[in-house]
There are 2 protein chains.
Amino acid sequence: MLIQRLTIIGVGLIGGSLALSLKRKQACGEIIGCGRSVDNLQKAIELNIIDQYSTDLAQSVQNADMVMVAVPLSMMAQVFQTIEPHLSENTVITDGGSAKACVIEDARQYLGDKYPNFVAGHPIAGTEKSGAAAAFPELYDNRRVILTPTEETNPYAYDKVKKMWELAGANVVDMDIKTHDEVLAATSHVPHVLAYSLVDTLACMNEHVAIFENAAGGFRDFTRIASSNPKMWHDICLANRTAVLEVLAGFNKDLEILTKAIEQEDSETIMKVFTRAKAERDEFCG
Amino acid sequence: MLIQRLTIIGVGLIGGSLALSLKRKQACGEIIGCGRSVDNLQKAIELNIIDQYSTDLAQSVQNADMVMVAVPLSMMAQVFQTIEPHLSENTVITDGGSAKACVIEDARQYLGDKYPNFVAGHPIAGTEKSGAAAAFPELYDNRRVILTPTEETNPYAYDKVKKMWELAGANVVDMDIKTHDEVLAATSHVPHVLAYSLVDTLACMNEHVAIFENAAGGFRDFTRIASSNPKMWHDICLANRTAVLEVLAGFNKDLEILTKAIEQEDSETIMKVFTRAKAERDEFCG
């Protein structure tokens, strides 16, 4: 059995689905959930996601050989600081945060000499739902998990985290921290900012009821990510601020050119942008 | 039978699906397809979407009691002008264009004294696919079709078009032209502009391969509309330019405020926007 005792701190969509996907494969002896909401933890017990729970961080990691930290980015530092004295020498620690430079900085600072046992990770999977009730065992099937090990990372810890994600159904790839944060700003963080921003713009328009009543499937899909957890995405935007602002700046510059082209009925520019975008999307997502 | 002879000019997703949805209900005697691509028309015959075809506009509308014009907006004027002398006094004409002021202007100018038999319409349904092969009979089931009749509209023509769409499975609502164009700019045209623009921005970044390889479901949904037909959306952006530019201006102003909030780590503003957007979307699309 790969993991004897897995502690999941934050039993939501990400942490809960990891538990369910590993249970499918009998890859864990016991799974302990930890969080602040007793209601959510009890739900997780009912749904057979976890075997036990604790609302006490220190207690929850006792005797764990693997700790998955799946909390909003702004809480990582505090979690690391609180659990550090209670981790054994061999406890492997990983996380599911959507930005990596900030988490690695927190881990370095607060996990002390246990830092080499920390392997930063990011499963590229999710839905707009949150909480234990949103978890499902297939979430990671054939999805990508990015690990961003550093020079200090203990190879044993790296292998154990990699195997865990493979048993969960995912394909594991390595990436350097900076590339991860830039790529994710482009494909995930900025799209969320744009979706939230557009829905908010429309919500504040006079015709907002008529607008939403007449929205079709395209709008529903385009704005689905605006139903995501606001606190989680607030944290991501701030934690990955530099990369997010850089992509937003590039987007704004290009949108300004396109807007001017519409104003001036410049068909050539409009067609160039639309055609290039369609070709790129069809190639990668088609 | 509601329609003896239906001519569909432009047998793509919209026109083809109308034919299939009406055939399900045996609502038409005969369906004639018209278009420029013989390949597409032959495909439509094979798929049993239409019964006959012609590449000649004038010929295709002979003896038709209903003509559906489902061509890109930039081609409406020319189609109206060409078919007008060949329409009978009782032929009802409708369209499926995504902007209405421009189509009504074209119809008024080129349909002459047959203009009262024209009922402008817009089915709020579609996918990113195009061509006859993309058509399917359920496209309009429980979807909304907006009609924008004017003072001159012949009640007989209006009723026939309304009944046609109801037989096709849709719910028909009336709207004034200006409201239609503003609402659609907000829910459909501007989201397409933003999706095309973002995909193009990312396509031009150095890391574009890594970006698209690591895109998850959220990105796929957010950018689905960027796989739509570039020419069709070019036409829509220009035809509904005023409303599109107005919504874009509002969006840009709000995005600037949000960007500044991220820059300045102004959590209150970020949370306010994200929370309001999530609440609005959950209410209308939940």
# chains A, B, ... in the order shown; residues from 1 in each chain; ligands from 1
>>> residues_around(residues="Ile177 of chain A", least_positions_apart="2", cutoff="9 Å", atoms="only C-alpha atoms", output="number ranges by chain")
A: 99-101, 104, 147-150, 175, 179-182
>>> interface_residues(of="chain B", to="chain A", cutoff="7 Å", atoms="only C-alpha atoms", output="MDAnalysis selection string")
chainID B and resid 124:125 183 186:188 196:203 210:212 215:216 218:223 225:228 230:231 234 237:238 241 250:251 254:255 262 265 270:271 273:278 280:282 284:285
>>> select_by_dssp(residues="segment 133-236 of chain B", states="alpha helix (DSSP H)", output="ChimeraX atom specification")
/B:155-167,177-184,190-203,208-213,217-222,230-236
>>> residues_around(residues="Ile9 of chain B", least_positions_apart="6", cutoff="9 Å", atoms="only C-alpha atoms", output="JSON, numbers by chain")
{"B": [15, 32, 33, 34, 35, 57, 60, 61, 67, 68, 69, 70, 71, 79]}
>>> residues_around(residues="Ala132 of chain A", least_positions_apart="5", cutoff="7 Å", atoms="only C-alpha atoms", output="list in words")
Val11, Gly12, Leu13, Gly16, Asn40, Lys43 and Ala44 of chain A
>>> residues_around(residues="Ala157 of chain B", least_positions_apart="3", cutoff="10 Å", atoms="only C-alpha atoms", output="list in words")
Met66, Asn90, Thr91, Val92, Ile93, Thr94, Pro116, Asn117, Phe118, Val119, Pro149, Thr153, Asn154, Lys160, Val161, Lys162 and Lys163 of chain B
>>> atom_distance(atom1="atom CA of Thr7 of chain B", atom2="atom CA of Glu151 of chain B")
25.5 Å
>>> residues_around(residues="segment 75-77 of chain B", least_positions_apart="3", cutoff="6 Å", atoms="only C-alpha atoms", output="list in words")
Pro72, Phe80 and Asp106 of chain B
>>> write_last_selection(atoms="N, CA and C atoms", output="PDB file, in the first residue's frame")
ATOM      1  N   PRO B  72     -24.720  34.903 -43.475  1.00  0.00           N
ATOM      2  CA  PRO B  72     -24.025  35.932 -42.690  1.00  0.00           C
ATOM      3  C   PRO B  72     -24.654  37.315 -42.924  1.00  0.00           C
ATOM      4  N   PHE B  80     -31.797  39.714 -50.205  1.00  0.00           N
ATOM      5  CA  PHE B  80     -33.124  40.341 -50.300  1.00  0.00           C
ATOM      6  C   PHE B  80     -33.338  40.942 -51.690  1.00  0.00           C
ATOM      7  N   ASP B 106     -31.897  46.534 -44.075  1.00  0.00           N
ATOM      8  CA  ASP B 106     -31.708  45.907 -45.387  1.00  0.00           C
ATOM      9  C   ASP B 106     -33.047  45.458 -45.991  1.00  0.00           C
TER      10      ASP B 106
END
>>> atom_distance(atom1="atom CA of Leu73 of chain B", atom2="atom CA of Glu166 of chain B")
23.9 Å
>>> closest_residue(among="A:Gly131, A:Pro85, A:Gly29, A:Pro137", to="Ala170 of chain A", atoms="only C-alpha atoms")
A:Pro137
